[in-house]
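**Student:** After the structure tokens below, expect a handful of questions from me.
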Amino acid sequence: MKKEKITVGLILCIWLLMIIPILGQRLKIEKQDKTYETLINYEDFKSMAFAKDQSIKETFAGLAKGGADTVTVGEETINSMKVNPDSTVETSMNGMNLRVKGSPEDLAFIQEGLKTLKEPREIRQIGETEIEIQGKAKDLVLTKQDSSDVSKYKLSDRGEKASLLEYVGLGYNEKLIHSLKEIPDLNINLTPSFLAGVQDDEKTFQRFVENVEKNSRGQHFVLFPGNQIYGAGLEEPEEVQNRLADFLKKNNLALVLLEDITQRGNMPLKGGEDFIKRQDVQKARCLITWDFLQKHYDYEIPFHHHGEELTNVYYRAITERNISLVMLKPFLKNNAAIYDQDAYRQVLGPLHNRLDKMGYQRGQIEGMGNYQVNRLYKILPSLVTVLGGVYLLSGLFNLNKKSQLGLFILGSLLAFGTFGLGKGENYGDLIFNLANIITFPSLALLYLAETQDKLSLKEENASLGTIFGQGAKILFIALAISMIGALNEVVFLCSSNYMLEISIFRGVKISQIFPLLLMVYIYLRKIYMEKGQKMNLDFWKEIMDFNVKIWQVCLGILALIVLGIFILRGGNTSGKIPSIELLLRNSFENFFYARPRTKAIFIGFPAVILLVYGAYKNLGKVYRLVFFFFAAIGMVDVTNTFSHIRTPLVMSFARVGIEYVGALFVGLILLVIFNGIHKHFIRQ
């Protein structure tokens, strides 16, 4: 047994020595990726100028002074020209054809812009101020408009017909760009408007390149607002996308990935599924202020009525989700846009101050290049995972030496075949990582269960100080076991594709639930069952006949409530969070480097200390079941924290460390309370 421990210890030392350089490399990349910027889109904020009766230059200069770094300017379309207050452009349909009225200058701009169409259209000059553009049936666009009779009975939601040609990018308004260039300290980034299948990919791309070289200022990224990339309209997009990649590389431009509304992954980029994975393309992630976020200016909880929650939203995106760009949209209050520029200053000012304290810098982002851990470095973590799995199965099912050796050899062959020979590495990452983050939290639970018998043999009248010290020590060891799985996870999923959420590990839910299921079996085998007892019919009959007291029922109900919250509130599908918890979370976020999770600091980690207390005081099996379950939530939380590969490593390490220290304070308070209750019942 002693030789086995020495061998395992030696393997873990070698493993740690190998892990440290990989962690260092990841930390170095994250340190280089600490530049961010805030964006305002011209189309979104031009209404502010109209509402305040200001010039475009005056309005956007005010936003720049309020903390905005870059304005994004898209291509004009017939539709965008129509809604400009000083525009005379009007449209109507003549059958399938689109008629456009406007000044001769506007009509000339439209005709020149439509030269990028994939299928050229005949344009007939009706007069000096009107043209008719040939249309086709596939151009038809139906605007939605409710129609009802005098009794307000809905008859239809079909509106007037329009043409797809109204939404085709025509080029850039050079007069507007010149006006924006007069604003100091405001980058001007041009964004392409591209409709795949409607516009010619080559011509549209070439026009964009020419405009970037001629009209942009400080262009350092390319964002496709329509989520369609050049080449999406071609059966063989390689040639135009190779030119796009060369253009991005030559000009040091990052391709922007728009974060999905669920805050998990990125929005699909049509035609760019392979392009975004190219090693020669730098990428950066952008948060959009979605419509539901626009309403968060007044969050309707105390101290959050003037954009404080929006500051929090942007702060979390940058510090926790590897977001480099934040796209602002007009804030809303009572469903009306807020055009007071001080409102935006109140949001961005505190954001810049908080990020500055965290070591982030405002400036032009550069994008993240390709990063991938060499597969050979994954061999040892996979072997450690196999070894941990063998230990777990042996502890649960009392495997003999031959069975243990056989399982280890099989697992090792799979590890060497996957990462040594490179056979199915992508699947190997997922399979070994899933096994890894199930195994080590479960091993931590096995360790906690095995300490129960040893602690129950100790003096029942041990001081609270002794019990607390033992609980702190056992909690630390259990967390260290779970951390083995967390660090392995960093190696298996350490690549820019995972860090930028181009690829997403989909086994997080399974890795949370499976250890909780194993927890029941571990409890029965290691805590409930007496030595020599078997899981036969008599055992299950004993379980069914077990006498339960009212206080034990209350504890069981509490455990079920916590389980329900744990499942429903996991991931990004959680429901509305109570105001008091939101205030507590935001307070933690402002006070600590990394916000500790409430389920860890208040439930999972302190439960280990109370579990130790229950063993010392022999408080019964139901008590131990409930707090063993709570402890399982804590062990799973460790690997779950590192499952968010997009989150900087320093943030994840800090979070677990803060949770441990905080849990000691919470555990000490609960220990005193439980001890008082216990003494009261003894006297009774």
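Ligands are numbered from 1 in the order shown, residues from 1 within each chain, and chains are lettered A, B, ... in the order they appear in the structure tokens.
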Just want the 8 Å neighbourhood of range 470-485 of chain A, counted on only C-alpha atoms, with same-chain residues fewer than 4 positions away dropped. Output as a PDB file with C-alpha atoms, in the first residue's frame.

**Tutor:**
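The file below, around.pdb, is the result:
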ATOM      1  CA  THR A 385      -7.610  10.314 -15.650  1.00  0.00           C
ATOM      2  CA  ASN A 436     -11.958  13.378 -16.116  1.00  0.00           C
ATOM      3  CA  ILE A 437     -14.462  15.907 -14.735  1.00  0.00           C
ATOM      4  CA  THR A 439     -13.956  11.059 -11.990  1.00  0.00           C
ATOM      5  CA  PHE A 440     -12.157  13.582  -9.782  1.00  0.00           C
ATOM      6  CA  PRO A 441     -15.168  15.240  -8.085  1.00  0.00           C
ATOM      7  CA  LEU A 443     -12.996  10.729  -6.023  1.00  0.00           C
ATOM      8  CA  ALA A 444     -13.224  13.780  -3.744  1.00  0.00           C
ATOM      9  CA  LEU A 445     -16.603  12.485  -2.520  1.00  0.00           C
ATOM     10  CA  TYR A 447     -12.374  10.630   0.121  1.00  0.00           C
ATOM     11  CA  LEU A 448     -14.972  12.561   2.175  1.00  0.00           C
ATOM     12  CA  THR A 466     -10.515  20.959  16.682  1.00  0.00           C
ATOM     13  CA  GLU A 489      -9.600  20.038 -18.249  1.00  0.00           C
ATOM     14  CA  PHE A 605     -17.998  24.043   0.784  1.00  0.00           C
ATOM     15  CA  VAL A 608     -17.952  19.614   4.343  1.00  0.00           C
ATOM     16  CA  ILE A 609     -17.260  21.271   7.715  1.00  0.00           C
ATOM     17  CA  LEU A 610     -20.771  20.392   8.934  1.00  0.00           C
ATOM     18  CA  VAL A 612     -17.145  16.580   9.771  1.00  0.00           C
ATOM     19  CA  TYR A 613     -19.122  17.918  12.734  1.00  0.00           C
ATOM     20  CA  MET A 635     -16.982  19.344  -5.460  1.00  0.00           C
ATOM     21  CA  VAL A 636     -18.748  19.549  -8.822  1.00  0.00           C
ATOM     22  CA  VAL A 638     -14.716  23.214  -8.900  1.00  0.00           C
ATOM     23  CA  THR A 639     -14.527  21.423 -12.260  1.00  0.00           C
ATOM     24  CA  TYR A 660     -12.598  28.321   0.012  1.00  0.00           C
ATOM     25  CA  LEU A 664     -14.368  28.856   6.148  1.00  0.00           C
TER      26      LEU A 664
END

**Student:** List the spatial neighbours of Ile379 in chain A as a PyMOL selection string - criterion: any atom at most 12 Å away, only C-alpha atoms, same-chain residues fewer than 2 positions off excluded.

**Tutor:** chain A and resi 15+18-19+373-377+381-386+411-422+425+428-429+432+488+491-492

**Student:** For Leu248 in chain A, list every protein, DNA or RNA residue within 9 Å, evaluated using only C-alpha atoms, and leave out those in the same chain fewer than 5 positions away; present the list as a list in words.

**Tutor:**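 The contact residues come out as His220, Phe221, Val222, Arg243, Leu253, Ala254, Leu255, Val281 and Gln282 of chain A.
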
**Student:** Determine, counting only C-alpha atoms, which protein, DNA and RNA residues have an atom within 10 Å of an atom of Ile131 in chain A; residues of the same chain fewer than 6 positions away are not included. Present the result as a VMD selection string.

**Tutor:** chain A and resid 91 98 to 102 104 107 to 108 110 to 111 123 to 125

**Student:** List as number ranges by chain the protein and nucleic acid residues near range 299-301 of chain A, meaning an atom at most 9 Å away when only C-alpha atoms are counted, but skip any in the same chain fewer than 4 places from it.

**Tutor:** A: 295, 305-310, 579-580, 582-583

**Student:** Export, as a CSV table (one decimal), in the first residue's frame, the selected residues with C-alpha atoms.

**Tutor:**
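Saved as part.csv:
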chain,number,residue,atom,x,y,z
A,295,LYS,CA,-34.1,47.7,-20.8
A,305,HIS,CA,-31.8,52.6,-11.5
A,306,HIS,CA,-29.1,54.5,-13.6
A,307,GLY,CA,-27.3,51.9,-15.7
A,308,GLU,CA,-25.4,50.1,-12.9
A,309,GLU,CA,-26.6,46.7,-14.1
A,310,LEU,CA,-25.5,47.5,-17.7
A,579,SER,CA,-33.4,40.8,-6.0
A,580,ILE,CA,-31.6,40.1,-2.7
A,582,LEU,CA,-28.7,39.9,-7.3
A,583,LEU,CA,-27.6,42.6,-4.8

**Student:** Can you tell me, as number ranges by chain, what residues are no more than 7 Å from range 256-266 of chain A when counting only C-alpha atoms, ignoring any on the same chain fewer than 6 positions away?

**Tutor:** A: 221-223, 283-287, 501-502, 504, 572

**Student:** Determine, counting only C-alpha atoms, which protein, DNA and RNA residues have an atom within 12 Å of an atom of Ser587 in chain A; residues of the same chain fewer than 6 positions away are not included. Present the result as a PDB file with N, CA and C atoms, in the first residue's frame.

**Tutor:**
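Full text of result-v4.pdb as output:
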ATOM      1  N   PHE A 303     -30.599  50.586  -5.873  1.00  0.00           N
ATOM      2  CA  PHE A 303     -29.271  51.059  -6.285  1.00  0.00           C
ATOM      3  C   PHE A 303     -28.918  50.679  -7.737  1.00  0.00           C
ATOM      4  N   HIS A 304     -29.910  50.300  -8.515  1.00  0.00           N
ATOM      5  CA  HIS A 304     -29.651  49.900  -9.905  1.00  0.00           C
ATOM      6  C   HIS A 304     -30.653  50.570 -10.859  1.00  0.00           C
ATOM      7  N   GLU A 308     -26.419  50.936 -13.641  1.00  0.00           N
ATOM      8  CA  GLU A 308     -25.435  50.147 -12.895  1.00  0.00           C
ATOM      9  C   GLU A 308     -25.380  48.703 -13.375  1.00  0.00           C
ATOM     10  N   GLU A 309     -26.558  48.139 -13.706  1.00  0.00           N
ATOM     11  CA  GLU A 309     -26.565  46.741 -14.143  1.00  0.00           C
ATOM     12  C   GLU A 309     -25.947  46.589 -15.531  1.00  0.00           C
ATOM     13  N   ASN A 312     -22.385  46.324 -15.035  1.00  0.00           N
ATOM     14  CA  ASN A 312     -22.078  44.959 -14.591  1.00  0.00           C
ATOM     15  C   ASN A 312     -22.088  43.972 -15.752  1.00  0.00           C
ATOM     16  N   ILE A 580     -32.625  40.163  -3.769  1.00  0.00           N
ATOM     17  CA  ILE A 580     -31.635  40.133  -2.695  1.00  0.00           C
ATOM     18  C   ILE A 580     -30.379  39.380  -3.128  1.00  0.00           C
ATOM     19  N   GLU A 581     -30.573  38.300  -3.921  1.00  0.00           N
ATOM     20  CA  GLU A 581     -29.413  37.553  -4.399  1.00  0.00           C
ATOM     21  C   GLU A 581     -28.640  38.357  -5.446  1.00  0.00           C
ATOM     22  N   TYR A 593     -11.976  40.115  -6.435  1.00  0.00           N
ATOM     23  CA  TYR A 593     -11.374  40.008  -7.769  1.00  0.00           C
ATOM     24  C   TYR A 593     -12.250  39.139  -8.668  1.00  0.00           C
ATOM     25  N   ALA A 594     -12.769  38.040  -8.112  1.00  0.00           N
ATOM     26  CA  ALA A 594     -13.681  37.156  -8.841  1.00  0.00           C
ATOM     27  C   ALA A 594     -14.870  36.866  -7.939  1.00  0.00           C
ATOM     28  N   ARG A 595     -16.066  36.988  -8.498  1.00  0.00           N
ATOM     29  CA  ARG A 595     -17.258  36.771  -7.680  1.00  0.00           C
ATOM     30  C   ARG A 595     -17.414  35.294  -7.333  1.00  0.00           C
ATOM     31  N   PRO A 596     -17.447  34.972  -6.015  1.00  0.00           N
ATOM     32  CA  PRO A 596     -17.656  33.570  -5.639  1.00  0.00           C
ATOM     33  C   PRO A 596     -19.092  33.141  -5.925  1.00  0.00           C
TER      34      PRO A 596
END

**Student:** Using DSSP assignments from the backbone, pull out every residue in range 422-472 of chain A that falls under alpha helix (DSSP H) and give it to me as a ChimeraX atom specification.

**Tutor:** /A:425-456,464-472

**Student:** Between CA of Arg597 in chain A and CA of Arg585 in chain A, what is the distance, to one decimal in Å?

**Tutor:**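 Atom-to-atom, CA of Arg597 in chain A and CA of Arg585 in chain A are spaced 8.2 Å apart.
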
**Student:** DSSP on the backbone, strand (DSSP E or B) only: what residues of range 242-329 of chain A does that give? Format it as a list in words.

**Tutor:**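 Residues of range 242-329 of chain A classed as strand (DSSP E or B): Ala254, Leu255, Val256, Leu257, Leu258, Glu259, Asn266, Lys270, Lys283, Ala284, Arg285, Cys286, Leu287, Ile288, Leu325, Val326, Met327 and Leu328 of chain A.
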
**Student:** Output all heavy atoms for every residue in the selection just made, as a CSV table (one decimal), in the first residue's frame.

**Tutor:**
chain,number,residue,atom,x,y,z
A,254,ALA,N,-8.9,41.9,-37.2
A,254,ALA,CA,-9.5,40.8,-36.6
A,254,ALA,C,-10.9,40.5,-37.1
A,254,ALA,O,-11.6,41.5,-37.4
A,254,ALA,CB,-9.5,41.0,-35.1
A,255,LEU,N,-11.2,39.3,-37.3
A,255,LEU,CA,-12.6,38.9,-37.7
A,255,LEU,C,-13.4,38.9,-36.4
A,255,LEU,O,-13.1,38.2,-35.5
A,255,LEU,CB,-12.6,37.6,-38.4
A,255,LEU,CG,-14.0,37.0,-38.8
A,255,LEU,CD1,-14.6,37.9,-39.9
A,255,LEU,CD2,-13.9,35.6,-39.2
A,256,VAL,N,-14.6,39.6,-36.4
A,256,VAL,CA,-15.4,39.7,-35.2
A,256,VAL,C,-16.4,38.5,-35.2
A,256,VAL,O,-17.1,38.3,-36.2
A,256,VAL,CB,-16.1,41.0,-35.1
A,256,VAL,CG1,-17.0,41.1,-33.9
A,256,VAL,CG2,-15.0,42.1,-35.0
A,257,LEU,N,-16.5,37.9,-34.1
A,257,LEU,CA,-17.5,36.8,-33.8
A,257,LEU,C,-18.5,37.4,-32.9
A,257,LEU,O,-18.2,37.9,-31.8
A,257,LEU,CB,-16.9,35.6,-33.2
A,257,LEU,CG,-15.7,35.0,-34.0
A,257,LEU,CD1,-15.1,33.8,-33.2
A,257,LEU,CD2,-16.2,34.5,-35.4
A,258,LEU,N,-19.8,37.5,-33.3
A,258,LEU,CA,-20.8,38.0,-32.4
A,258,LEU,C,-21.3,37.0,-31.4
A,258,LEU,O,-21.8,35.9,-31.8
A,258,LEU,CB,-22.0,38.6,-33.3
A,258,LEU,CG,-21.6,39.7,-34.3
A,258,LEU,CD1,-22.8,40.0,-35.1
A,258,LEU,CD2,-21.2,40.9,-33.5
A,259,GLU,N,-21.3,37.3,-30.1
A,259,GLU,CA,-21.7,36.4,-29.1
A,259,GLU,C,-23.2,36.1,-29.3
A,259,GLU,O,-24.0,37.0,-29.5
A,259,GLU,CB,-21.4,36.9,-27.7
A,259,GLU,CG,-21.8,35.9,-26.6
A,259,GLU,CD,-21.6,36.5,-25.2
A,259,GLU,OE1,-22.1,37.6,-25.0
A,259,GLU,OE2,-21.0,35.8,-24.4
A,266,ASN,N,-21.2,31.6,-30.3
A,266,ASN,CA,-21.3,32.7,-31.2
A,266,ASN,C,-22.4,32.5,-32.2
A,266,ASN,O,-22.8,31.4,-32.5
A,266,ASN,CB,-20.0,32.9,-31.9
A,266,ASN,CG,-18.8,33.0,-31.0
A,266,ASN,OD1,-18.8,33.9,-30.1
A,266,ASN,ND2,-17.8,32.2,-31.2
A,270,LYS,N,-22.8,32.7,-41.8
A,270,LYS,CA,-23.1,31.9,-43.0
A,270,LYS,C,-22.0,32.0,-44.0
A,270,LYS,O,-21.5,33.0,-44.3
A,270,LYS,CB,-24.4,32.5,-43.7
A,270,LYS,CG,-24.8,31.7,-44.9
A,270,LYS,CD,-26.1,32.3,-45.6
A,270,LYS,CE,-26.5,31.5,-46.8
A,270,LYS,NZ,-27.7,32.1,-47.5
A,283,LYS,N,-9.2,36.3,-34.5
A,283,LYS,CA,-10.6,36.5,-34.2
A,283,LYS,C,-10.7,37.2,-32.8
A,283,LYS,O,-9.9,37.2,-32.0
A,283,LYS,CB,-11.3,35.1,-34.0
A,283,LYS,CG,-11.7,34.5,-35.4
A,283,LYS,CD,-10.6,33.7,-36.0
A,283,LYS,CE,-10.2,32.5,-35.2
A,283,LYS,NZ,-9.2,31.6,-36.0
A,284,ALA,N,-11.9,37.9,-32.7
A,284,ALA,CA,-12.3,38.6,-31.4
A,284,ALA,C,-13.8,38.4,-31.3
A,284,ALA,O,-14.5,38.4,-32.2
A,284,ALA,CB,-11.8,40.0,-31.5
A,285,ARG,N,-14.2,38.4,-30.0
A,285,ARG,CA,-15.6,38.3,-29.7
A,285,ARG,C,-16.2,39.6,-29.3
A,285,ARG,O,-15.6,40.5,-28.7
A,285,ARG,CB,-15.8,37.3,-28.6
A,285,ARG,CG,-15.3,35.9,-28.8
A,285,ARG,CD,-15.7,34.9,-27.7
A,285,ARG,NE,-17.1,34.6,-27.8
A,285,ARG,CZ,-17.8,34.3,-26.7
A,285,ARG,NH1,-17.4,34.5,-25.5
A,285,ARG,NH2,-19.1,34.0,-26.9
A,286,CYS,N,-17.5,39.8,-29.7
A,286,CYS,CA,-18.2,41.0,-29.5
A,286,CYS,C,-19.6,40.7,-28.8
A,286,CYS,O,-20.3,39.8,-29.2
A,286,CYS,CB,-18.5,41.7,-30.8
A,286,CYS,SG,-19.4,43.3,-30.6
A,287,LEU,N,-19.9,41.5,-27.7
A,287,LEU,CA,-21.2,41.4,-27.1
A,287,LEU,C,-22.1,42.5,-27.7
A,287,LEU,O,-21.7,43.7,-27.8
A,287,LEU,CB,-21.0,41.7,-25.6
A,287,LEU,CG,-22.4,41.9,-24.8
A,287,LEU,CD1,-23.2,40.7,-24.8
A,287,LEU,CD2,-22.1,42.5,-23.5
A,288,ILE,N,-23.3,42.1,-28.1
A,288,ILE,CA,-24.3,43.0,-28.6
A,288,ILE,C,-25.2,43.4,-27.4
A,288,ILE,O,-25.6,42.5,-26.6
A,288,ILE,CB,-25.1,42.5,-29.7
A,288,ILE,CG1,-24.2,42.1,-30.9
A,288,ILE,CG2,-26.2,43.4,-30.2
A,288,ILE,CD1,-24.9,41.4,-32.1
A,325,LEU,N,-14.9,43.3,-27.5
A,325,LEU,CA,-15.7,44.4,-28.1
A,325,LEU,C,-17.1,44.4,-27.5
A,325,LEU,O,-17.7,43.3,-27.4
A,325,LEU,CB,-15.8,44.3,-29.6
A,325,LEU,CG,-14.5,44.2,-30.4
A,325,LEU,CD1,-14.8,43.7,-31.8
A,325,LEU,CD2,-13.9,45.6,-30.4
A,326,VAL,N,-17.6,45.6,-27.1
A,326,VAL,CA,-18.9,45.7,-26.5
A,326,VAL,C,-19.7,46.7,-27.4
A,326,VAL,O,-19.3,47.9,-27.6
A,326,VAL,CB,-18.9,46.2,-25.1
A,326,VAL,CG1,-20.3,46.6,-24.7
A,326,VAL,CG2,-18.3,45.2,-24.2
A,327,MET,N,-20.7,46.2,-28.1
A,327,MET,CA,-21.5,47.1,-29.0
A,327,MET,C,-22.7,47.6,-28.2
A,327,MET,O,-23.6,46.9,-27.9
A,327,MET,CB,-22.0,46.2,-30.2
A,327,MET,CG,-23.0,46.9,-31.1
A,327,MET,SD,-22.2,48.2,-32.1
A,327,MET,CE,-21.4,47.1,-33.4
A,328,LEU,N,-22.7,49.0,-28.0
A,328,LEU,CA,-23.8,49.6,-27.3
A,328,LEU,C,-24.9,49.9,-28.3
A,328,LEU,O,-24.7,50.0,-29.5
A,328,LEU,CB,-23.3,51.0,-26.8
A,328,LEU,CG,-22.7,51.0,-25.4
A,328,LEU,CD1,-21.3,50.3,-25.4
A,328,LEU,CD2,-22.6,52.4,-24.9

**Student:** Considering only C-alpha atoms, can you say which of A:Tyr339, A:Tyr616, A:Phe681, A:Tyr230 comes closest to Lys454 in chain A?

**Tutor:**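 Closest to Lys454 in chain A of all the choices is A:Tyr616.
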
**Student:** With 7 Å as the cut-off and only C-alpha atoms counted, what is the closest atom pair between each nearby residue of range 190-233 of chain A and range 168-178 of chain A? Distances in Å to one decimal, ordered by chain and number, as a Markdown table.

**Tutor:**
| residue | atom | partner | partner_atom | distance |
| --- | --- | --- | --- | --- |
| A:Ser193 | CA | A:Gly169 | CA | 4.9 |
| A:Phe194 | CA | A:Gly169 | CA | 6.2 |
| A:Leu195 | CA | A:Val168 | CA | 6.7 |
| A:Asn215 | CA | A:Ile177 | CA | 6.9 |

**Student:** Can you list every residue of range 158-237 of chain A that has an atom at most 12 Å from range 43-50 of chain A, with its nearest atom pair and the distance in Å to one decimal, using only C-alpha atoms, ordered by chain then number, as JSON lines?

**Tutor:**
{"residue": "A:Leu176", "atom": "CA", "partner": "A:Lys46", "partner_atom": "CA", "distance": 11.0}
{"residue": "A:Leu180", "atom": "CA", "partner": "A:Lys46", "partner_atom": "CA", "distance": 11.8}
{"residue": "A:Thr191", "atom": "CA", "partner": "A:Glu43", "partner_atom": "CA", "distance": 11.5}
{"residue": "A:Pro225", "atom": "CA", "partner": "A:Glu43", "partner_atom": "CA", "distance": 11.7}

**Student:** Which residue is closest to Phe275 in chain A? Choose from A:Thr72, A:Gln228, A:Gln294, A:Thr641 and count only C-alpha atoms.

**Tutor:**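 Of the candidates, the smallest distance to Phe275 in chain A is held by A:Gln228.
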
**Student:** Using only C-alpha atoms, which of A:Ser179, A:Leu114, A:Thr70, A:Asp106 sits nearest Ser55 in chain A?

**Tutor:** A:Ser179

**Student:** How many Å lie between CA of Gly604 in chain A and CA of Gly667 in chain A, rounded to one decimal?

**Tutor:** 10.2 Å
